[in-house]
$ cat run.tsv   # TSV, C-alpha atoms
chain	number	residue	atom	x	y	z
A	1	MET	CA	49.83	32.73	-58.44
A	2	PHE	CA	49.25	29.10	-59.39
A	3	GLU	CA	52.96	28.56	-59.61
A	4	ILE	CA	53.47	29.92	-56.08
A	5	ASP	CA	50.74	27.61	-54.65
A	6	HIS	CA	52.22	24.68	-56.52
A	7	GLN	CA	55.64	25.41	-55.06
A	8	ARG	CA	54.12	25.73	-51.57
A	9	ASN	CA	52.36	22.33	-51.91
A	10	GLN	CA	55.58	20.78	-53.16
A	11	HIS	CA	57.41	22.21	-50.16
A	12	GLN	CA	54.78	20.76	-47.74
A	13	LEU	CA	54.92	17.34	-49.34
A	14	SER	CA	58.67	17.37	-49.24
A	15	ALA	CA	58.50	18.16	-45.54
A	16	GLY	CA	56.44	14.98	-44.98
A	17	GLU	CA	53.08	16.69	-44.40
A	18	VAL	CA	49.82	15.05	-45.57
A	19	PRO	CA	47.90	16.99	-48.26
A	20	PRO	CA	44.66	18.56	-46.92
A	21	GLN	CA	42.47	16.45	-49.23
A	22	GLU	CA	43.95	13.20	-47.97
A	23	PHE	CA	43.79	14.40	-44.36
A	24	LEU	CA	40.08	15.21	-44.68
A	25	ALA	CA	39.40	11.91	-46.42
A	26	ALA	CA	41.09	10.04	-43.59
A	27	GLU	CA	39.11	12.01	-41.00
A	28	ASN	CA	35.88	11.17	-42.84
A	29	VAL	CA	36.71	7.47	-42.86
A	30	SER	CA	37.49	7.59	-39.14
A	31	LEU	CA	34.25	9.47	-38.43
A	32	ARG	CA	32.21	6.97	-40.45
A	33	LEU	CA	33.77	4.10	-38.50
A	34	LEU	CA	32.96	5.79	-35.17
A	35	LEU	CA	29.35	6.44	-36.25
A	36	ALA	CA	28.95	2.85	-37.43
A	37	GLN	CA	30.29	1.53	-34.13
A	38	ALA	CA	28.01	3.94	-32.23
A	39	GLU	CA	25.03	2.67	-34.24
A	40	ILE	CA	25.95	-0.92	-33.41
A	41	ASN	CA	26.34	-0.07	-29.70
A	42	ALA	CA	23.04	1.86	-29.67
A	43	GLN	CA	21.22	-1.05	-31.33
A	44	GLU	CA	22.67	-3.48	-28.79
A	45	LEU	CA	21.49	-1.22	-25.95
A	46	LEU	CA	18.03	-0.94	-27.48
A	47	ASP	CA	17.84	-4.70	-27.95
A	48	GLN	CA	18.92	-5.28	-24.35
A	49	ALA	CA	16.40	-2.70	-23.11
A	50	GLY	CA	13.69	-4.46	-25.09
A	51	ILE	CA	14.64	-7.81	-23.56
A	52	ASP	CA	14.69	-6.30	-20.06
A	53	ALA	CA	11.31	-4.64	-20.63
A	54	ARG	CA	9.78	-7.91	-21.84
A	55	GLU	CA	11.23	-9.77	-18.86
A	56	ARG	CA	9.85	-7.16	-16.43
A	57	GLU	CA	6.45	-7.31	-18.11
A	58	ALA	CA	6.40	-11.10	-17.87
A	59	ALA	CA	7.47	-10.97	-14.21
A	60	ASP	CA	4.77	-8.39	-13.42
A	61	LYS	CA	2.11	-10.53	-15.11
A	62	LEU	CA	3.26	-13.61	-13.21
A	63	GLN	CA	3.24	-11.74	-9.89
A	64	LYS	CA	-0.25	-10.39	-10.59
A	65	LEU	CA	-1.47	-13.89	-11.44
A	66	ILE	CA	0.03	-15.37	-8.27
A	67	LEU	CA	-1.45	-12.64	-6.07
A	68	GLU	CA	-4.89	-13.03	-7.63
A	69	GLU	CA	-4.76	-16.80	-7.14
A	70	LEU	CA	-3.62	-16.33	-3.53
A	71	HIS	CA	-6.42	-13.84	-2.93
A	72	HIS	CA	-8.95	-16.20	-4.49
A	73	ARG	CA	-7.85	-19.06	-2.23
A	74	ILE	CA	-7.91	-16.86	0.86
A	75	LYS	CA	-11.43	-15.67	0.09
A	76	ASN	CA	-12.52	-19.27	-0.50
A	77	THR	CA	-10.96	-20.28	2.82
A	78	LEU	CA	-12.76	-17.45	4.63
A	79	ALA	CA	-16.05	-18.45	3.01
A	80	THR	CA	-15.47	-22.06	4.06
A	81	VAL	CA	-14.69	-21.05	7.65
A	82	SER	CA	-17.80	-18.88	7.70
A	83	ALA	CA	-19.93	-21.77	6.47
A	84	ILE	CA	-18.44	-24.15	9.05
A	85	ALA	CA	-19.10	-21.66	11.85
A	86	SER	CA	-22.65	-21.09	10.65
A	87	GLN	CA	-23.41	-24.81	10.43
A	88	SER	CA	-21.78	-25.52	13.79
A	89	LEU	CA	-23.71	-22.82	15.63
A	90	ARG	CA	-27.02	-23.17	13.82
A	91	ASN	CA	-28.60	-25.49	16.38
A	92	VAL	CA	-26.87	-24.06	19.44
A	93	ALA	CA	-29.33	-22.15	21.60
A	94	GLY	CA	-28.44	-18.47	22.05
A	95	ALA	CA	-25.52	-18.61	19.61
A	96	GLU	CA	-26.98	-16.16	17.09
A	97	HIS	CA	-24.84	-13.32	18.39
A	98	ALA	CA	-21.67	-15.40	18.17
A	99	GLN	CA	-22.55	-16.51	14.66
A	100	HIS	CA	-23.07	-12.93	13.46
A	101	ALA	CA	-19.89	-11.78	15.20
A	102	ILE	CA	-17.79	-14.46	13.49
A	103	GLU	CA	-19.31	-13.70	10.10
A	104	GLY	CA	-18.67	-9.98	10.57
A	105	ARG	CA	-15.04	-10.54	11.49
A	106	LEU	CA	-14.47	-12.80	8.51
A	107	LEU	CA	-16.07	-10.22	6.22
A	108	ALA	CA	-13.80	-7.56	7.67
A	109	LEU	CA	-10.79	-9.77	7.05
A	110	GLY	CA	-11.97	-10.29	3.48
A	111	ARG	CA	-12.30	-6.54	2.91
A	112	ALA	CA	-8.78	-6.03	4.25
A	113	HIS	CA	-7.49	-8.59	1.77
A	114	ASP	CA	-9.36	-6.78	-1.03
A	115	LEU	CA	-7.46	-3.60	-0.17
A	116	LEU	CA	-4.18	-5.49	-0.13
A	117	LEU	CA	-4.86	-7.02	-3.53
A	118	GLN	CA	-5.46	-3.54	-4.97
A	119	ALA	CA	-2.09	-2.52	-3.52
A	120	ARG	CA	-0.52	-5.81	-4.77
A	121	TRP	CA	0.18	-6.92	-1.20
A	122	THR	CA	2.88	-4.31	-0.70
A	123	SER	CA	1.27	-1.52	1.28
A	124	ALA	CA	-1.96	0.42	1.62
A	125	ASP	CA	-2.87	3.92	2.71
A	126	LEU	CA	-4.27	4.34	6.22
A	127	GLU	CA	-7.08	6.65	5.10
A	128	LYS	CA	-8.20	4.09	2.52
A	129	ILE	CA	-8.24	1.41	5.20
A	130	VAL	CA	-10.29	3.57	7.57
A	131	ARG	CA	-12.81	4.52	4.90
A	132	GLY	CA	-13.06	0.94	3.65
A	133	ALA	CA	-13.65	-0.42	7.16
A	134	THR	CA	-16.32	2.16	8.04
A	135	GLU	CA	-18.12	2.32	4.69
A	136	ALA	CA	-20.58	-0.47	5.47
A	137	PHE	CA	-21.58	1.28	8.73
A	138	ASP	CA	-21.88	4.81	7.31
A	139	ASN	CA	-24.86	6.66	5.87
A	140	PRO	CA	-24.09	8.38	2.54
A	141	ASP	CA	-27.04	10.77	2.98
A	142	VAL	CA	-26.09	11.75	6.55
A	143	PRO	CA	-22.39	10.93	7.08
A	144	LYS	CA	-21.69	9.43	10.49
A	145	PHE	CA	-17.88	9.52	10.37
A	146	ALA	CA	-15.41	12.41	10.30
A	147	ILE	CA	-12.05	11.05	9.13
A	148	ALA	CA	-8.81	13.04	9.05
A	149	GLY	CA	-5.08	12.40	9.18
A	150	PRO	CA	-1.82	12.54	7.19
A	151	ASP	CA	-0.77	10.00	4.57
A	152	VAL	CA	0.63	6.81	6.07
A	153	ARG	CA	1.56	3.76	3.99
A	154	MET	CA	1.22	0.52	5.96
A	155	THR	CA	2.41	-3.01	5.32
A	156	SER	CA	0.07	-5.97	4.96
A	157	GLY	CA	0.27	-7.12	8.59
A	158	ALA	CA	-0.60	-3.65	9.88
A	159	VAL	CA	-3.43	-3.31	7.35
A	160	ILE	CA	-5.14	-6.44	8.64
A	161	ALA	CA	-4.67	-5.44	12.30
A	162	ILE	CA	-6.10	-1.93	11.80
A	163	ALA	CA	-8.97	-3.14	9.60
A	164	MET	CA	-9.98	-5.80	12.11
A	165	THR	CA	-9.79	-3.28	14.97
A	166	LEU	CA	-12.02	-0.80	13.14
A	167	ASN	CA	-14.52	-3.54	12.37
A	168	GLU	CA	-14.77	-4.40	16.07
A	169	LEU	CA	-15.24	-0.74	16.96
A	170	CYS	CA	-17.89	-0.26	14.27
A	171	THR	CA	-19.78	-3.39	15.30
A	172	ASN	CA	-19.73	-2.38	18.95
A	173	THR	CA	-20.88	1.18	18.33
A	174	THR	CA	-23.87	0.09	16.25
A	175	LYS	CA	-25.07	-2.04	19.17
A	176	PHE	CA	-24.19	-0.01	22.23
A	177	GLY	CA	-22.51	3.23	21.21
A	178	ALA	CA	-23.00	6.37	19.17
A	179	LEU	CA	-24.28	4.67	16.01
A	180	SER	CA	-27.06	2.98	17.97
A	181	VAL	CA	-28.94	6.32	17.87
A	182	PRO	CA	-29.69	8.60	14.87
A	183	ALA	CA	-27.74	11.60	16.18
A	184	GLY	CA	-24.57	9.65	16.96
A	185	ARG	CA	-21.31	10.62	15.25
A	186	ILE	CA	-17.74	9.32	15.31
A	187	ASP	CA	-14.47	11.17	14.82
A	188	ILE	CA	-11.48	9.16	13.61
A	189	ALA	CA	-8.26	11.15	13.57
A	190	TRP	CA	-4.57	10.34	13.58
A	191	THR	CA	-1.38	12.38	13.86
A	192	LEU	CA	2.33	11.70	13.50
A	193	ASP	CA	4.89	12.71	16.10
A	194	PRO	CA	8.16	13.37	14.21
A	195	GLY	CA	10.17	13.43	17.43
A	196	THR	CA	9.17	10.01	18.73
A	197	GLN	CA	8.27	8.55	15.31
A	198	ARG	CA	4.92	7.36	16.63
A	199	LEU	CA	1.40	7.46	15.28
A	200	HIS	CA	-1.51	8.51	17.50
A	201	LEU	CA	-4.93	7.32	16.34
A	202	LYS	CA	-8.12	8.16	18.19
A	203	TRP	CA	-11.72	7.00	17.76
A	204	THR	CA	-14.14	9.32	19.58
A	205	GLU	CA	-17.88	8.74	19.82
A	206	LYS	CA	-20.26	11.69	20.20
A	207	ASN	CA	-23.98	12.34	20.66
A	208	GLY	CA	-24.61	8.74	21.65
A	209	PRO	CA	-26.11	7.21	24.76
A	210	ALA	CA	-24.28	7.47	28.08
A	211	VAL	CA	-21.72	4.70	28.37
A	212	ARG	CA	-20.04	2.96	31.25
A	213	ALA	CA	-17.28	0.42	31.54
A	214	PRO	CA	-18.53	-3.15	31.16
A	215	ASP	CA	-18.45	-5.51	34.11
A	216	LYS	CA	-16.20	-7.94	32.23
A	217	ARG	CA	-13.97	-7.77	29.19
A	218	SER	CA	-15.58	-9.20	26.08
A	219	PHE	CA	-13.86	-11.13	23.31
A	220	GLY	CA	-14.06	-8.04	21.11
A	221	THR	CA	-12.24	-5.97	23.73
A	222	ARG	CA	-9.51	-8.58	24.09
A	223	LEU	CA	-9.20	-8.78	20.30
A	224	ILE	CA	-8.75	-5.00	19.99
A	225	GLU	CA	-6.07	-4.99	22.68
A	226	THR	CA	-4.30	-8.00	21.15
A	227	LEU	CA	-4.23	-6.42	17.70
A	228	GLY	CA	-2.70	-3.27	19.17
A	229	ASN	CA	-0.09	-5.31	21.02
A	230	GLN	CA	0.84	-7.10	17.80
A	231	LEU	CA	1.89	-3.71	16.44
A	232	LYS	CA	3.84	-2.95	19.65
A	233	GLY	CA	1.29	-0.25	20.39
A	234	ASP	CA	-0.41	1.01	23.52
A	235	VAL	CA	-4.21	0.72	23.54
A	236	GLN	CA	-6.46	2.78	25.80
A	237	LEU	CA	-10.21	2.26	26.09
A	238	THR	CA	-12.01	5.09	27.89
A	239	TYR	CA	-15.70	4.92	28.79
A	240	GLU	CA	-16.48	8.61	29.19
A	241	PRO	CA	-20.08	9.70	29.86
A	242	SER	CA	-20.03	11.67	26.60
A	243	GLY	CA	-18.98	8.65	24.59
A	244	PHE	CA	-16.54	5.79	24.20
A	245	VAL	CA	-12.95	6.63	23.17
A	246	TYR	CA	-10.39	4.26	21.67
A	247	ALA	CA	-6.78	5.48	21.45
A	248	LEU	CA	-3.84	3.74	19.80
A	249	ASP	CA	-0.28	4.95	20.26
A	250	VAL	CA	2.02	2.90	18.03
A	251	PRO	CA	5.58	3.13	16.67
A	252	LEU	CA	5.55	4.18	13.04
A	253	ALA	CA	8.08	1.45	12.30
A	254	SER	CA	5.50	-1.19	13.28
A	255	LEU	CA	3.17	0.09	10.58
A	256	THR	CA	5.70	0.55	7.81
A	257	SER	CA	7.68	-2.64	8.42
A	258	ILE	CA	6.79	-6.15	9.50
A	259	ALA	CA	6.05	-6.05	13.22
A	260	SER	CA	7.82	-8.75	15.18
A	261	LYS	CA	5.70	-11.19	17.09
$ encode --input "run.tsv" --output "structure tokens"
Amino acid sequence: MFEIDHQRNQHQLSAGEVPPQEFLAAENVSLRLLLAQAEINAQELLDQAGIDAREREAADKLQKLILEELHHRIKNTLATVSAIASQSLRNVAGAEHAQHAIEGRLLALGRAHDLLLQARWTSADLEKIVRGATEAFDNPDVPKFAIAGPDVRMTSGAVIAIAMTLNELCTNTTKFGALSVPAGRIDIAWTLDPGTQRLHLKWTEKNGPAVRAPDKRSFGTRLIETLGNQLKGDVQLTYEPSGFVYALDVPLASLTSIASK
């Protein structure tokens, strides 16, 4: 038997074929080289990933620092403006209302910037904006606001416009509208129209005193209309006997991208 195998191996070698042992050894060497190269390539990828991760982390930290510094300077500027307005109007007879109105608007602007800082000045959710703007005027024991609507992410310009509008509406209703009486309530609801790609937001006052259209347009009314126009929206103010209604019909693109001036 051995002699037959030996003759067969001699015949294979004479035919120029590589012995199985040498063939396997060569395959093993080739495999080891491939694995070594793969290890080198994998290590290079891991090293590069580590560098990229560190660079992203450093960039994120720098962006956070810049945004916090910007926010700090904005809040300081608002505080300075508030102090200037207060000092300027302190000795002006009958200017108490104007002073409080300016301070309230600056506070509202500051709260809007707080929301933007939390969202890193990219976008903020509409519901969060509505709840943040109305929180100071609500009663946790007896809620005054009913808030409902789908998720809408808005850019910084739209956040400020909506927050300032809601502050004007809240301030007005505590003086003359539904929140000027204990039973008063306010519904804030918004819907999206997929066909026209528009958002419909409505503020409806209930159980308040009878209202009527004012004889002249106040600064607050002009501000609300101007803010709506900045977003390319249509603003309607309705003084119904059952309560004041504010309606905003605005293109969704104006809320999710920078609205043109």
$ atom_distance --input "run.tsv" --atom1 "atom CA of A:Phe176" --atom2 "atom CA of A:Pro140"
21.4 Å
$ closest_residue --input "run.tsv" --among "A:Val245, A:Met154, A:Ile162, A:Leu199" --to "A:Gln230" --atoms "only C-alpha atoms"
A:Ile162
$ atom_distance --input "run.tsv" --atom1 "atom CA of A:Arg212" --atom2 "atom CA of A:Ala183"
19.0 Å
$ atom_distance --input "run.tsv" --atom1 "atom CA of A:Lys216" --atom2 "atom CA of A:Gly243"
18.5 Å
$ residues_around --input "run.tsv" --residues "A:Val142" --least-positions-apart "3" --cutoff "12 Å" --atoms "all atoms listed in the file" --output "PyMOL selection string"
chain A and resi 137-139+145-146+179+182-185
$ closest_residue --input "run.tsv" --among "A:Val250, A:Glu168, A:Pro143, A:Thr134" --to "A:Phe219" --atoms "only C-alpha atoms"
A:Glu168
$ residues_around --input "run.tsv" --residues "A:Tyr239" --least-positions-apart "5" --cutoff "12 Å" --atoms "all atoms listed in the file" --output "list in words"
Phe176, Gly177, Trp203, Thr204, Glu205, Lys206, Pro209, Ala210, Val211, Arg212, Ala213, Pro214, Phe244, Val245, Tyr246 and Ala247 of chain A
$ closest_residue --input "run.tsv" --among "A:Ala189, A:Gly228, A:Gly195, A:Asp125" --to "A:Val159" --atoms "only C-alpha atoms"
A:Asp125
$ closest_residue --input "run.tsv" --among "A:Ile129, A:Pro241, A:Leu201, A:Leu33" --to "A:Ala158" --atoms "all atoms listed in the file"
A:Ile129
$ closest_residue --input "run.tsv" --among "A:Gly208, A:Ala253, A:Lys144, A:Glu44" --to "A:Ile186" --atoms "only C-alpha atoms"
A:Lys144
$ closest_residue --input "run.tsv" --among "A:Thr226, A:Ser242, A:Gln236, A:Ser218" --to "A:Asn172" --atoms "all atoms listed in the file"
A:Ser218
$ axis_aligned_box --input "run.tsv" --around "stretch 150-162 of chain A" --padding-each-side "6 Å" --output "lines of an AutoDock Vina configuration file"
center_x = -1.8
center_y = 2.7
center_z = 8.1
size_x = 20.5
size_y = 31.7
size_z = 20.3
$ residues_around --input "run.tsv" --residues "A:Thr256" --least-positions-apart "6" --cutoff "10 Å" --atoms "only C-alpha atoms" --output "list of chain:residue names"
A:Ser123, A:Ala124, A:Val152, A:Arg153, A:Met154, A:Thr155, A:Ser156, A:Gly157, A:Ala158, A:Val159
$ residues_around --input "run.tsv" --residues "A:Arg198" --least-positions-apart "3" --cutoff "7 Å" --atoms "only C-alpha atoms" --output "ChimeraX atom specification"
/A:192-193,249-252
